[in-house]
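S.K.: Contents are mmCIF, C-alpha atoms (C1' of nucleotides); file name run-v8.cif:
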data_data
#
loop_
_atom_site.group_PDB
_atom_site.id
_atom_site.type_symbol
_atom_site.label_atom_id
_atom_site.label_comp_id
_atom_site.auth_asym_id
_atom_site.auth_seq_id
_atom_site.Cartn_x
_atom_site.Cartn_y
_atom_site.Cartn_z
ATOM 1 C CA MET D 1 25.004 -27.310 -21.807
ATOM 2 C CA GLY D 2 21.790 -25.400 -22.318
ATOM 3 C CA THR D 3 19.668 -28.337 -23.414
ATOM 4 C CA THR D 4 17.116 -30.048 -21.219
ATOM 5 C CA LYS D 5 18.431 -33.440 -20.077
ATOM 6 C CA SER D 6 15.419 -35.445 -21.213
ATOM 7 C CA GLN D 7 17.182 -38.802 -20.763
ATOM 8 C CA ILE D 8 17.062 -38.574 -16.984
ATOM 9 C CA PHE D 9 13.277 -38.253 -16.900
ATOM 10 C CA THR D 10 10.525 -40.709 -17.730
ATOM 11 C CA ASN D 11 8.698 -40.543 -21.049
ATOM 12 C CA ARG D 12 5.558 -39.605 -19.175
ATOM 13 C CA GLN D 13 7.310 -36.712 -17.453
ATOM 14 C CA ASN D 14 8.767 -35.498 -20.739
ATOM 15 C CA ARG D 15 5.429 -35.757 -22.548
ATOM 16 C CA LEU D 16 3.600 -33.981 -19.751
ATOM 17 C CA ALA D 17 6.215 -31.220 -19.560
ATOM 18 C CA HIS D 18 6.076 -30.732 -23.326
ATOM 19 C CA ILE D 19 2.304 -30.352 -23.311
ATOM 20 C CA LEU D 20 2.399 -27.855 -20.450
ATOM 21 C CA LYS D 21 5.223 -25.968 -22.101
ATOM 22 C CA VAL D 22 3.249 -25.566 -25.319
ATOM 23 C CA LEU D 23 0.274 -24.340 -23.290
ATOM 24 C CA GLY D 24 2.589 -22.000 -21.388
ATOM 25 C CA HIS D 25 2.509 -19.016 -23.718
ATOM 26 C CA PRO D 26 -0.146 -16.295 -23.614
ATOM 27 C CA ALA D 27 -0.476 -16.207 -27.409
ATOM 28 C CA ARG D 28 -1.238 -19.933 -27.511
ATOM 29 C CA ILE D 29 -3.672 -19.586 -24.608
ATOM 30 C CA ALA D 30 -5.365 -16.753 -26.506
ATOM 31 C CA ILE D 31 -5.439 -18.775 -29.731
ATOM 32 C CA LEU D 32 -7.026 -21.775 -28.020
ATOM 33 C CA GLU D 33 -9.580 -19.597 -26.259
ATOM 34 C CA TYR D 34 -10.499 -17.757 -29.425
ATOM 35 C CA ILE D 35 -10.795 -20.930 -31.468
ATOM 36 C CA GLY D 36 -12.888 -22.353 -28.655
ATOM 37 C CA GLU D 37 -15.228 -19.382 -28.441
ATOM 38 C CA ILE D 38 -15.791 -19.189 -32.158
ATOM 39 C CA ASN D 39 -15.848 -22.976 -32.455
ATOM 40 C CA GLY D 40 -13.359 -22.977 -35.291
ATOM 41 C CA CYS D 41 -11.888 -19.959 -37.013
ATOM 42 C CA ILE D 42 -9.563 -18.983 -39.811
ATOM 43 C CA CYS D 43 -6.004 -17.801 -39.454
ATOM 44 C CA THR D 44 -6.681 -14.243 -40.640
ATOM 45 C CA ASP D 45 -9.173 -13.821 -37.810
ATOM 46 C CA LEU D 46 -6.484 -14.781 -35.329
ATOM 47 C CA ILE D 47 -4.028 -12.255 -36.710
ATOM 48 C CA THR D 48 -6.457 -9.363 -36.287
ATOM 49 C CA GLU D 49 -7.828 -10.722 -33.024
ATOM 50 C CA ILE D 50 -4.492 -11.388 -31.303
ATOM 51 C CA GLY D 51 -2.350 -8.691 -32.849
ATOM 52 C CA LEU D 52 0.806 -10.575 -33.717
ATOM 53 C CA ALA D 53 2.387 -10.830 -37.154
ATOM 54 C CA GLN D 54 1.083 -13.486 -39.514
ATOM 55 C CA ALA D 55 4.340 -15.429 -39.363
ATOM 56 C CA THR D 56 4.245 -15.445 -35.582
ATOM 57 C CA ILE D 57 0.658 -16.705 -35.422
ATOM 58 C CA SER D 58 1.530 -19.396 -37.921
ATOM 59 C CA GLN D 59 4.470 -20.425 -35.764
ATOM 60 C CA HIS D 60 2.309 -20.707 -32.649
ATOM 61 C CA LEU D 61 -0.302 -22.685 -34.562
ATOM 62 C CA LYS D 62 2.446 -25.072 -35.627
ATOM 63 C CA GLU D 63 3.425 -25.704 -32.027
ATOM 64 C CA LEU D 64 -0.178 -26.330 -31.025
ATOM 65 C CA LYS D 65 -0.442 -28.745 -33.952
ATOM 66 C CA SER D 66 2.785 -30.443 -32.803
ATOM 67 C CA ILE D 67 0.964 -31.798 -29.761
ATOM 68 C CA GLY D 68 -2.181 -32.361 -31.781
ATOM 69 C CA LEU D 69 -4.322 -29.902 -29.826
ATOM 70 C CA ILE D 70 -5.655 -28.235 -32.926
ATOM 71 C CA LYS D 71 -6.265 -29.396 -36.440
ATOM 72 C CA GLY D 72 -6.805 -27.422 -39.597
ATOM 73 C CA SER D 73 -8.972 -28.134 -42.569
ATOM 74 C CA ILE D 74 -8.365 -26.386 -45.859
ATOM 75 C CA GLU D 75 -11.336 -24.408 -47.139
ATOM 76 C CA GLY D 76 -10.328 -22.978 -50.438
ATOM 77 C CA LYS D 77 -7.459 -20.646 -49.811
ATOM 78 C CA LYS D 78 -8.323 -20.378 -46.150
ATOM 79 C CA VAL D 79 -7.537 -22.825 -43.368
ATOM 80 C CA CYS D 80 -10.098 -23.454 -40.655
ATOM 81 C CA TYR D 81 -8.549 -24.364 -37.327
ATOM 82 C CA CYS D 82 -10.385 -26.023 -34.497
ATOM 83 C CA ILE D 83 -9.733 -27.898 -31.271
ATOM 84 C CA ASP D 84 -9.126 -31.621 -31.744
ATOM 85 C CA THR D 85 -11.457 -32.727 -28.979
ATOM 86 C CA ILE D 86 -10.349 -36.357 -29.052
ATOM 87 C CA ARG D 87 -6.724 -35.348 -28.628
ATOM 88 C CA TRP D 88 -7.701 -32.807 -26.011
ATOM 89 C CA HIS D 89 -9.216 -35.558 -23.908
ATOM 90 C CA GLU D 90 -6.023 -37.582 -24.262
ATOM 91 C CA VAL D 91 -4.050 -34.551 -23.126
ATOM 92 C CA GLN D 92 -6.363 -34.162 -20.152
ATOM 93 C CA GLY D 93 -5.678 -37.808 -19.420
ATOM 94 C CA GLU D 94 -1.984 -36.996 -19.091
ATOM 95 C CA ILE D 95 -2.442 -33.853 -17.042
ATOM 96 C CA ASN D 96 -5.181 -34.917 -14.622
ATOM 97 C CA PRO D 97 -3.293 -37.729 -12.845
ATOM 98 C CA PHE D 98 -0.429 -35.314 -12.221
ATOM 99 C CA PHE D 99 -2.752 -32.667 -10.821
ATOM 100 C CA SER D 100 -4.514 -35.271 -8.689
ATOM 101 C CA LYS D 101 -1.196 -36.426 -7.307
ATOM 102 C CA ILE D 102 -0.270 -32.901 -6.265
ATOM 103 C CA ASN D 103 -3.786 -32.362 -4.928
ATOM 104 C CA SER D 104 -3.447 -35.268 -2.549
ATOM 105 C CA CYS D 105 -0.386 -33.743 -0.872
ATOM 106 C CA TYR D 106 -0.436 -31.874 2.377
ATOM 107 C CA SER D 107 1.886 -29.042 3.341
ATOM 108 C CA ALA D 108 4.412 -30.784 5.575
ATOM 109 C CA CYS D 109 6.278 -27.590 6.383
ATOM 110 C CA MET A 110 12.299 -8.846 -30.912
ATOM 111 C CA GLY A 111 12.545 -12.108 -29.024
ATOM 112 C CA THR A 112 10.464 -11.066 -26.031
ATOM 113 C CA THR A 113 6.894 -12.173 -25.431
ATOM 114 C CA LYS A 114 4.497 -9.283 -26.066
ATOM 115 C CA SER A 115 2.697 -9.509 -22.742
ATOM 116 C CA GLN A 116 0.950 -6.156 -23.179
ATOM 117 C CA ILE A 117 -1.377 -7.505 -25.849
ATOM 118 C CA PHE A 118 -2.775 -10.237 -23.594
ATOM 119 C CA THR A 119 -4.945 -10.052 -20.498
ATOM 120 C CA ASN A 120 -3.438 -10.390 -17.039
ATOM 121 C CA ARG A 121 -5.308 -13.633 -16.630
ATOM 122 C CA GLN A 122 -3.816 -15.028 -19.836
ATOM 123 C CA ASN A 123 -0.332 -13.950 -18.803
ATOM 124 C CA ARG A 124 -0.687 -15.418 -15.310
ATOM 125 C CA LEU A 125 -2.074 -18.675 -16.644
ATOM 126 C CA ALA A 126 0.661 -18.959 -19.269
ATOM 127 C CA HIS A 127 3.336 -18.279 -16.675
ATOM 128 C CA ILE A 128 2.033 -20.996 -14.382
ATOM 129 C CA LEU A 129 1.875 -23.536 -17.204
ATOM 130 C CA LYS A 130 5.312 -22.522 -18.422
ATOM 131 C CA VAL A 131 6.831 -23.122 -14.999
ATOM 132 C CA LEU A 132 5.113 -26.512 -14.892
ATOM 133 C CA GLY A 133 6.369 -27.226 -18.410
ATOM 134 C CA HIS A 134 9.774 -28.656 -17.590
ATOM 135 C CA PRO A 135 10.412 -32.321 -16.769
ATOM 136 C CA ALA A 136 12.758 -31.466 -13.897
ATOM 137 C CA ARG A 137 10.095 -29.335 -12.243
ATOM 138 C CA ILE A 138 7.467 -32.015 -12.832
ATOM 139 C CA ALA A 139 9.833 -34.521 -11.233
ATOM 140 C CA ILE A 140 10.566 -32.204 -8.311
ATOM 141 C CA LEU A 141 6.870 -31.642 -7.600
ATOM 142 C CA GLU A 142 6.120 -35.349 -7.859
ATOM 143 C CA TYR A 143 8.980 -36.286 -5.560
ATOM 144 C CA ILE A 144 8.094 -33.647 -2.992
ATOM 145 C CA GLY A 145 4.516 -34.844 -3.208
ATOM 146 C CA GLU A 146 5.366 -38.510 -2.742
ATOM 147 C CA ILE A 147 7.654 -37.890 0.205
ATOM 148 C CA ASN A 148 5.355 -35.163 1.552
ATOM 149 C CA GLY A 149 8.182 -32.718 1.956
ATOM 150 C CA CYS A 150 11.843 -33.353 1.340
ATOM 151 C CA ILE A 151 15.211 -31.664 1.537
ATOM 152 C CA CYS A 152 17.171 -30.290 -1.359
ATOM 153 C CA THR A 153 19.985 -32.860 -1.106
ATOM 154 C CA ASP A 154 17.457 -35.644 -1.643
ATOM 155 C CA LEU A 155 16.323 -33.965 -4.863
ATOM 156 C CA ILE A 156 19.870 -33.724 -6.195
ATOM 157 C CA THR A 157 20.490 -37.455 -5.780
ATOM 158 C CA GLU A 158 16.944 -38.368 -6.812
ATOM 159 C CA ILE A 159 16.771 -36.254 -9.971
ATOM 160 C CA GLY A 160 20.394 -36.295 -11.073
ATOM 161 C CA LEU A 161 20.999 -32.659 -11.926
ATOM 162 C CA ALA A 162 23.672 -30.441 -10.413
ATOM 163 C CA GLN A 163 22.924 -28.721 -7.131
ATOM 164 C CA ALA A 164 22.906 -25.291 -8.759
ATOM 165 C CA THR A 165 20.423 -26.480 -11.371
ATOM 166 C CA ILE A 166 18.035 -27.964 -8.812
ATOM 167 C CA SER A 167 18.247 -24.775 -6.798
ATOM 168 C CA GLN A 168 17.386 -22.791 -9.913
ATOM 169 C CA HIS A 169 14.321 -24.939 -10.655
ATOM 170 C CA LEU A 170 13.191 -24.681 -7.032
ATOM 171 C CA LYS A 171 13.445 -20.911 -7.334
ATOM 172 C CA GLU A 172 11.113 -20.912 -10.329
ATOM 173 C CA LEU A 173 8.603 -23.109 -8.541
ATOM 174 C CA LYS A 174 8.792 -20.730 -5.593
ATOM 175 C CA SER A 175 8.261 -17.793 -7.979
ATOM 176 C CA ILE A 176 4.694 -18.917 -8.559
ATOM 177 C CA GLY A 177 4.348 -19.974 -4.916
ATOM 178 C CA LEU A 178 3.814 -23.667 -5.667
ATOM 179 C CA ILE A 179 6.349 -24.774 -3.105
ATOM 180 C CA LYS A 180 7.595 -23.275 0.103
ATOM 181 C CA GLY A 181 10.695 -24.072 2.098
ATOM 182 C CA SER A 182 11.247 -24.059 5.813
ATOM 183 C CA ILE A 183 14.744 -23.886 7.226
ATOM 184 C CA GLU A 184 15.632 -26.812 9.453
ATOM 185 C CA GLY A 185 19.104 -26.125 10.761
ATOM 186 C CA LYS A 186 21.376 -26.129 7.781
ATOM 187 C CA LYS A 187 18.860 -27.981 5.655
ATOM 188 C CA VAL A 188 15.794 -26.597 3.890
ATOM 189 C CA CYS A 189 12.617 -28.648 3.779
ATOM 190 C CA TYR A 190 10.512 -28.016 0.711
ATOM 191 C CA CYS A 191 6.884 -28.911 0.393
ATOM 192 C CA ILE A 192 3.850 -28.137 -1.747
ATOM 193 C CA ASP A 193 1.978 -25.014 -0.707
ATOM 194 C CA THR A 194 -1.462 -26.583 -0.847
ATOM 195 C CA ILE A 195 -3.337 -23.311 -0.421
ATOM 196 C CA ARG A 196 -1.480 -21.785 -3.349
ATOM 197 C CA TRP A 197 -1.903 -24.982 -5.334
ATOM 198 C CA HIS A 198 -5.660 -24.661 -5.028
ATOM 199 C CA GLU A 199 -5.446 -21.070 -6.231
ATOM 200 C CA VAL A 200 -3.407 -22.254 -9.189
ATOM 201 C CA GLN A 201 -6.002 -24.909 -9.921
ATOM 202 C CA GLY A 202 -8.552 -22.132 -9.808
ATOM 203 C CA GLU A 203 -6.723 -20.396 -12.649
ATOM 204 C CA ILE A 204 -6.193 -23.499 -14.728
ATOM 205 C CA ASN A 205 -9.555 -25.246 -14.366
ATOM 206 C CA PRO A 206 -11.745 -22.590 -15.999
ATOM 207 C CA PHE A 207 -9.421 -22.612 -19.001
ATOM 208 C CA PHE A 208 -9.548 -26.376 -19.279
ATOM 209 C CA SER A 209 -13.316 -26.326 -18.895
ATOM 210 C CA LYS A 210 -13.608 -23.768 -21.645
ATOM 211 C CA ILE A 211 -11.609 -25.936 -24.031
ATOM 212 C CA ASN A 212 -13.549 -28.987 -22.879
ATOM 213 C CA SER A 213 -16.812 -27.433 -23.919
ATOM 214 C CA CYS A 214 -15.662 -27.007 -27.517
ATOM 215 C CA TYR A 215 -16.558 -29.295 -30.344
ATOM 216 C CA SER A 216 -14.409 -30.046 -33.363
ATOM 217 C CA ALA A 217 -15.955 -27.856 -36.017
ATOM 218 C CA CYS A 218 -13.662 -29.085 -38.743
ATOM 219 C "C1'" DT I 219 -3.736 -16.165 -67.456
ATOM 220 C "C1'" DT I 220 -2.550 -12.678 -64.310
ATOM 221 C "C1'" DT I 221 -3.566 -11.024 -59.917
ATOM 222 C "C1'" DT I 222 -4.663 -11.412 -55.288
ATOM 223 C "C1'" DA I 223 -5.701 -13.433 -50.814
ATOM 224 C "C1'" DA I 224 -4.487 -16.743 -47.304
ATOM 225 C "C1'" DC I 225 -1.493 -19.031 -45.394
ATOM 226 C "C1'" DA I 226 3.429 -21.695 -44.616
ATOM 227 C "C1'" DT I 227 8.319 -21.466 -44.483
ATOM 228 C "C1'" DT I 228 12.878 -19.476 -44.166
ATOM 229 C "C1'" DG I 229 16.189 -16.540 -42.201
ATOM 230 C "C1'" DT I 230 17.578 -13.892 -38.497
ATOM 231 C "C1'" DA I 231 17.948 -10.620 -34.497
ATOM 232 C "C1'" DA I 232 16.784 -10.162 -29.674
ATOM 233 C "C1'" DT I 233 16.037 -12.446 -25.713
ATOM 234 C "C1'" DA I 234 15.172 -16.353 -22.502
ATOM 235 C "C1'" DT I 235 16.247 -20.868 -20.701
ATOM 236 C "C1'" DT I 236 19.023 -24.646 -19.175
ATOM 237 C "C1'" DA I 237 22.866 -26.453 -16.992
ATOM 238 C "C1'" DC I 238 26.980 -26.298 -14.256
ATOM 239 C "C1'" DG I 239 31.394 -24.712 -12.036
ATOM 240 C "C1'" DA I 240 32.785 -21.515 -8.776
ATOM 241 C "C1'" DT I 241 31.896 -18.955 -4.984
ATOM 242 C "C1'" DG I 242 29.113 -16.987 -1.132
ATOM 243 C "C1'" DT I 243 26.293 -17.714 3.109
ATOM 244 C "C1'" DT I 244 24.725 -19.778 7.233
ATOM 245 C "C1'" DA I 245 24.346 -23.157 10.751
ATOM 246 C "C1'" DT I 246 25.899 -27.371 12.740
ATOM 247 C "C1'" DT I 247 29.969 -30.291 13.963
ATOM 248 C "C1'" DT I 248 34.410 -31.067 15.502
ATOM 249 C "C1'" DA H 249 37.635 -21.312 16.224
ATOM 250 C "C1'" DA H 250 38.126 -24.225 12.159
ATOM 251 C "C1'" DA H 251 35.974 -27.451 9.300
ATOM 252 C "C1'" DT H 252 32.088 -29.124 7.063
ATOM 253 C "C1'" DA H 253 27.422 -29.635 5.232
ATOM 254 C "C1'" DA H 254 23.502 -27.661 2.924
ATOM 255 C "C1'" DC H 255 22.024 -24.702 0.309
ATOM 256 C "C1'" DA H 256 21.787 -19.930 -2.635
ATOM 257 C "C1'" DT H 257 23.747 -16.980 -5.972
ATOM 258 C "C1'" DC H 258 26.784 -15.504 -9.758
ATOM 259 C "C1'" DG H 259 28.839 -15.971 -14.087
ATOM 260 C "C1'" DT H 260 28.740 -18.041 -18.352
ATOM 261 C "C1'" DA H 261 28.432 -21.307 -22.359
ATOM 262 C "C1'" DA H 262 25.158 -23.803 -25.155
ATOM 263 C "C1'" DT H 263 20.814 -23.871 -26.814
ATOM 264 C "C1'" DA H 264 15.848 -22.632 -27.346
ATOM 265 C "C1'" DT H 265 12.198 -19.316 -27.958
ATOM 266 C "C1'" DT H 266 9.869 -15.310 -29.707
ATOM 267 C "C1'" DA H 267 8.858 -12.189 -33.195
ATOM 268 C "C1'" DC H 268 8.918 -10.418 -37.799
ATOM 269 C "C1'" DA H 269 10.334 -9.302 -42.675
ATOM 270 C "C1'" DA H 270 10.879 -11.574 -46.785
ATOM 271 C "C1'" DT H 271 9.785 -15.099 -49.602
ATOM 272 C "C1'" DG H 272 7.471 -19.344 -51.035
ATOM 273 C "C1'" DT H 273 2.974 -21.895 -52.208
ATOM 274 C "C1'" DT H 274 -1.701 -22.692 -53.451
ATOM 275 C "C1'" DA H 275 -6.302 -21.627 -54.737
ATOM 276 C "C1'" DA H 276 -9.903 -18.448 -55.818
ATOM 277 C "C1'" DA H 277 -10.959 -14.001 -58.426
ATOM 278 C "C1'" DA H 278 -10.530 -10.937 -61.989
#
What would the structure in this file look like if it were written as structure tokens?
M.R.:
Amino acid sequence: MGTTKSQIFTNRQNRLAHILKVLGHPARIAILEYIGEINGCICTDLITEIGLAQATISQHLKELKSIGLIKGSIEGKKVCYCIDTIRWHEVQGEINPFFSKINSCYSAC
Amino acid sequence: MGTTKSQIFTNRQNRLAHILKVLGHPARIAILEYIGEINGCICTDLITEIGLAQATISQHLKELKSIGLIKGSIEGKKVCYCIDTIRWHEVQGEINPFFSKINSCYSAC
DNA sequence: TTTTAACATTGTAATATTACGATGTTATTT
DNA sequence: AAATAACATCGTAATATTACAATGTTAAAA
């Protein structure tokens, strides 16, 4: 008990849910928005900007990387993170059909 | 420790994250898609369709109701659930600006 | 070469989530 | 009125998440 029963859902449903779950945390929303505004930033900036411990920011960045939404390039002893726009479009390609499907519904009750 | 530090984020970021978090579970994706396809359904249908225990389905429905995405109307001893289209559009109104913002980024690294 | 700065990783406590059996509630059926 | 059907809620075990201190790791600076 306690674990999501992934086997009973389709791969598409599991992928989509995983993406939305990763996006479903205010720190990760804030990270994506900040990286977006600055068009790439370094991790130290995020720590001061967001106000969470360095280990926590690093953990959130790891989850965003797990679905490929951001990528980091090493610049000396710093790491520059930015949105992976190609991957972001793929992600949109997973989300949009779902949203469209719900959009086409009418309230039957 | 262990709790999300909501105070350090904006209300908008917290609301958006909460919506995406609720959407970020395959069972809730499946529920929304099924309700959408059938244009309203009853809870018993969901139990047989999805394959989770009645209590679990009820719990997921409660979370979807918590953000107003679905509404249920009592029909005798059954409850008919359907998408709340007005609320869905509001939800889209929270999500779309965020997606647009990320869309307008370029990969700086 | 030692120090320092910028992360990543590990370990762990607090809390949240997921799933389900058991039980409650309410309305139809018998 | 008693039985049943369709949920909702409660209680709880298993697991996942969140956050941070402590500890690596790596590269520039001193």
S.K.: Go through A:Asp154, A:Asn205, A:Lys210, A:Ile183 one by one, measure the shortest atom-to-atom distance of each to Ala30 in chain D using only C-alpha atoms, and give the residue with the smallest value.
M.R.: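 Of A:Asp154, A:Asn205, A:Lys210, A:Ile183, the one nearest Ala30 in chain D is A:Lys210, counting only C-alpha atoms.
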S.K.: Return as a PyMOL selection string the set of residues that the PyMOL selection byres ((chain A and resi 186) around 12) yields on the displayed structure.
M.R.: (chain A and resi 151-153+182-185+187-189) or (chain I and resi 243-247) or (chain H and resi 252-255)
S.K.: Go ahead and save the residues from that selection, with C-alpha atoms (C1' of nucleotides), as an mmCIF file, in the coordinates of the input.
M.R.:
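Written output follows (out.cif):
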data_model
loop_
_atom_site.group_PDB
_atom_site.id
_atom_site.type_symbol
_atom_site.label_atom_id
_atom_site.label_comp_id
_atom_site.auth_asym_id
_atom_site.auth_seq_id
_atom_site.Cartn_x
_atom_site.Cartn_y
_atom_site.Cartn_z
ATOM 1 C CA ILE A 151 15.211 -31.664 1.537
ATOM 2 C CA CYS A 152 17.171 -30.290 -1.359
ATOM 3 C CA THR A 153 19.985 -32.860 -1.106
ATOM 4 C CA SER A 182 11.247 -24.059 5.813
ATOM 5 C CA ILE A 183 14.744 -23.886 7.226
ATOM 6 C CA GLU A 184 15.632 -26.812 9.453
ATOM 7 C CA GLY A 185 19.104 -26.125 10.761
ATOM 8 C CA LYS A 187 18.860 -27.981 5.655
ATOM 9 C CA VAL A 188 15.794 -26.597 3.890
ATOM 10 C CA CYS A 189 12.617 -28.648 3.779
ATOM 11 C "C1'" DT I 243 26.293 -17.714 3.109
ATOM 12 C "C1'" DT I 244 24.725 -19.778 7.233
ATOM 13 C "C1'" DA I 245 24.346 -23.157 10.751
ATOM 14 C "C1'" DT I 246 25.899 -27.371 12.740
ATOM 15 C "C1'" DT I 247 29.969 -30.291 13.963
ATOM 16 C "C1'" DT H 252 32.088 -29.124 7.063
ATOM 17 C "C1'" DA H 253 27.422 -29.635 5.232
ATOM 18 C "C1'" DA H 254 23.502 -27.661 2.924
ATOM 19 C "C1'" DC H 255 22.024 -24.702 0.309
#
S.K.: Set the distance at 9 Å and use all atoms listed in the file: which residues neighbour Asn148 in chain A once local chain neighbours fewer than 6 positions away are removed? I'd like the list as a ChimeraX atom specification.
M.R.: /D:105-108 /A:190-192
S.K.: I need the chosen residues saved as a short mmCIF file (atom, residue, chain, number, x, y, z; two decimals), keeping the file's coordinate frame, with C-alpha atoms.
M.R.:
data_model
loop_
_atom_site.label_atom_id
_atom_site.label_comp_id
_atom_site.auth_asym_id
_atom_site.auth_seq_id
_atom_site.Cartn_x
_atom_site.Cartn_y
_atom_site.Cartn_z
CA CYS D 105 -0.39 -33.74 -0.87
CA TYR D 106 -0.44 -31.87 2.38
CA SER D 107 1.89 -29.04 3.34
CA ALA D 108 4.41 -30.78 5.58
CA TYR A 190 10.51 -28.02 0.71
CA CYS A 191 6.88 -28.91 0.39
CA ILE A 192 3.85 -28.14 -1.75
#
S.K.: Just how far from CA of Gln59 in chain D is CA of His18 in chain D, in Å to one decimal?
M.R.: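 For CA of His18 in chain D relative to CA of Gln59 in chain D, the distance reads 16.2 Å.
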S.K.: Please determine the residues with any atom at most 10 Å from (-4.9, -20.1, -54.3) (coordinates as given in the file, with only C-alpha atoms (C1' of nucleotides) counting) and report them as an mmCIF file with C-alpha atoms (C1' of nucleotides), in the frame of the given file.
M.R.:
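Result written to result-v1.cif:
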data_model
loop_
_atom_site.group_PDB
_atom_site.id
_atom_site.type_symbol
_atom_site.label_atom_id
_atom_site.label_comp_id
_atom_site.auth_asym_id
_atom_site.auth_seq_id
_atom_site.Cartn_x
_atom_site.Cartn_y
_atom_site.Cartn_z
ATOM 1 C CA GLY D 76 -10.328 -22.978 -50.438
ATOM 2 C CA LYS D 77 -7.459 -20.646 -49.811
ATOM 3 C CA LYS D 78 -8.323 -20.378 -46.150
ATOM 4 C "C1'" DT I 222 -4.663 -11.412 -55.288
ATOM 5 C "C1'" DA I 223 -5.701 -13.433 -50.814
ATOM 6 C "C1'" DA I 224 -4.487 -16.743 -47.304
ATOM 7 C "C1'" DC I 225 -1.493 -19.031 -45.394
ATOM 8 C "C1'" DT H 273 2.974 -21.895 -52.208
ATOM 9 C "C1'" DT H 274 -1.701 -22.692 -53.451
ATOM 10 C "C1'" DA H 275 -6.302 -21.627 -54.737
ATOM 11 C "C1'" DA H 276 -9.903 -18.448 -55.818
ATOM 12 C "C1'" DA H 277 -10.959 -14.001 -58.426
#
S.K.: What's around Glu199 in chain A at 12 Å? Count all atoms listed in the file, leave out sequence neighbours fewer than 4 positions away in its own chain, and write the answer as a PDB file with C-alpha atoms, in the coordinates of the input.
M.R.:
ATOM      1  CA  ASN D 103      -3.786 -32.362  -4.928  1.00  0.00           C
TER       2      ASN D 103
ATOM      3  CA  ARG A 124      -0.687 -15.418 -15.310  1.00  0.00           C
ATOM      4  CA  LEU A 125      -2.074 -18.675 -16.644  1.00  0.00           C
ATOM      5  CA  ILE A 128       2.033 -20.996 -14.382  1.00  0.00           C
ATOM      6  CA  ILE A 176       4.694 -18.917  -8.559  1.00  0.00           C
ATOM      7  CA  GLY A 177       4.348 -19.974  -4.916  1.00  0.00           C
ATOM      8  CA  LEU A 178       3.814 -23.667  -5.667  1.00  0.00           C
ATOM      9  CA  ASP A 193       1.978 -25.014  -0.707  1.00  0.00           C
ATOM     10  CA  THR A 194      -1.462 -26.583  -0.847  1.00  0.00           C
ATOM     11  CA  ILE A 195      -3.337 -23.311  -0.421  1.00  0.00           C
ATOM     12  CA  GLU A 203      -6.723 -20.396 -12.649  1.00  0.00           C
ATOM     13  CA  ILE A 204      -6.193 -23.499 -14.728  1.00  0.00           C
ATOM     14  CA  ASN A 205      -9.555 -25.246 -14.366  1.00  0.00           C
ATOM     15  CA  PRO A 206     -11.745 -22.590 -15.999  1.00  0.00           C
TER      16      PRO A 206
END
S.K.: Spell out the residues picked by the PyMOL selection byres ((chain H) within 10 of (chain D)) here, as an mmCIF file with C-alpha atoms (C1' of nucleotides), keeping the file's coordinate frame.
M.R.:
data_model
loop_
_atom_site.group_PDB
_atom_site.id
_atom_site.type_symbol
_atom_site.label_atom_id
_atom_site.label_comp_id
_atom_site.auth_asym_id
_atom_site.auth_seq_id
_atom_site.Cartn_x
_atom_site.Cartn_y
_atom_site.Cartn_z
ATOM 1 C "C1'" DA H 261 28.432 -21.307 -22.359
ATOM 2 C "C1'" DA H 262 25.158 -23.803 -25.155
ATOM 3 C "C1'" DT H 263 20.814 -23.871 -26.814
ATOM 4 C "C1'" DA H 264 15.848 -22.632 -27.346
ATOM 5 C "C1'" DT H 266 9.869 -15.310 -29.707
ATOM 6 C "C1'" DA H 267 8.858 -12.189 -33.195
ATOM 7 C "C1'" DC H 268 8.918 -10.418 -37.799
ATOM 8 C "C1'" DA H 269 10.334 -9.302 -42.675
ATOM 9 C "C1'" DT H 274 -1.701 -22.692 -53.451
ATOM 10 C "C1'" DA H 275 -6.302 -21.627 -54.737
ATOM 11 C "C1'" DA H 276 -9.903 -18.448 -55.818
#
S.K.: Please return, as a list in words, all polymer residues that have at least one atom within 10 Å of the point (23.7, -15.4, -6.8); use only C-alpha atoms (C1' of nucleotides) and the file's own coordinate frame.
M.R.: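 Result, sorted by chain then residue number: DT241 and DG242 of chain I; DA256, DT257, DC258 and DG259 of chain H.
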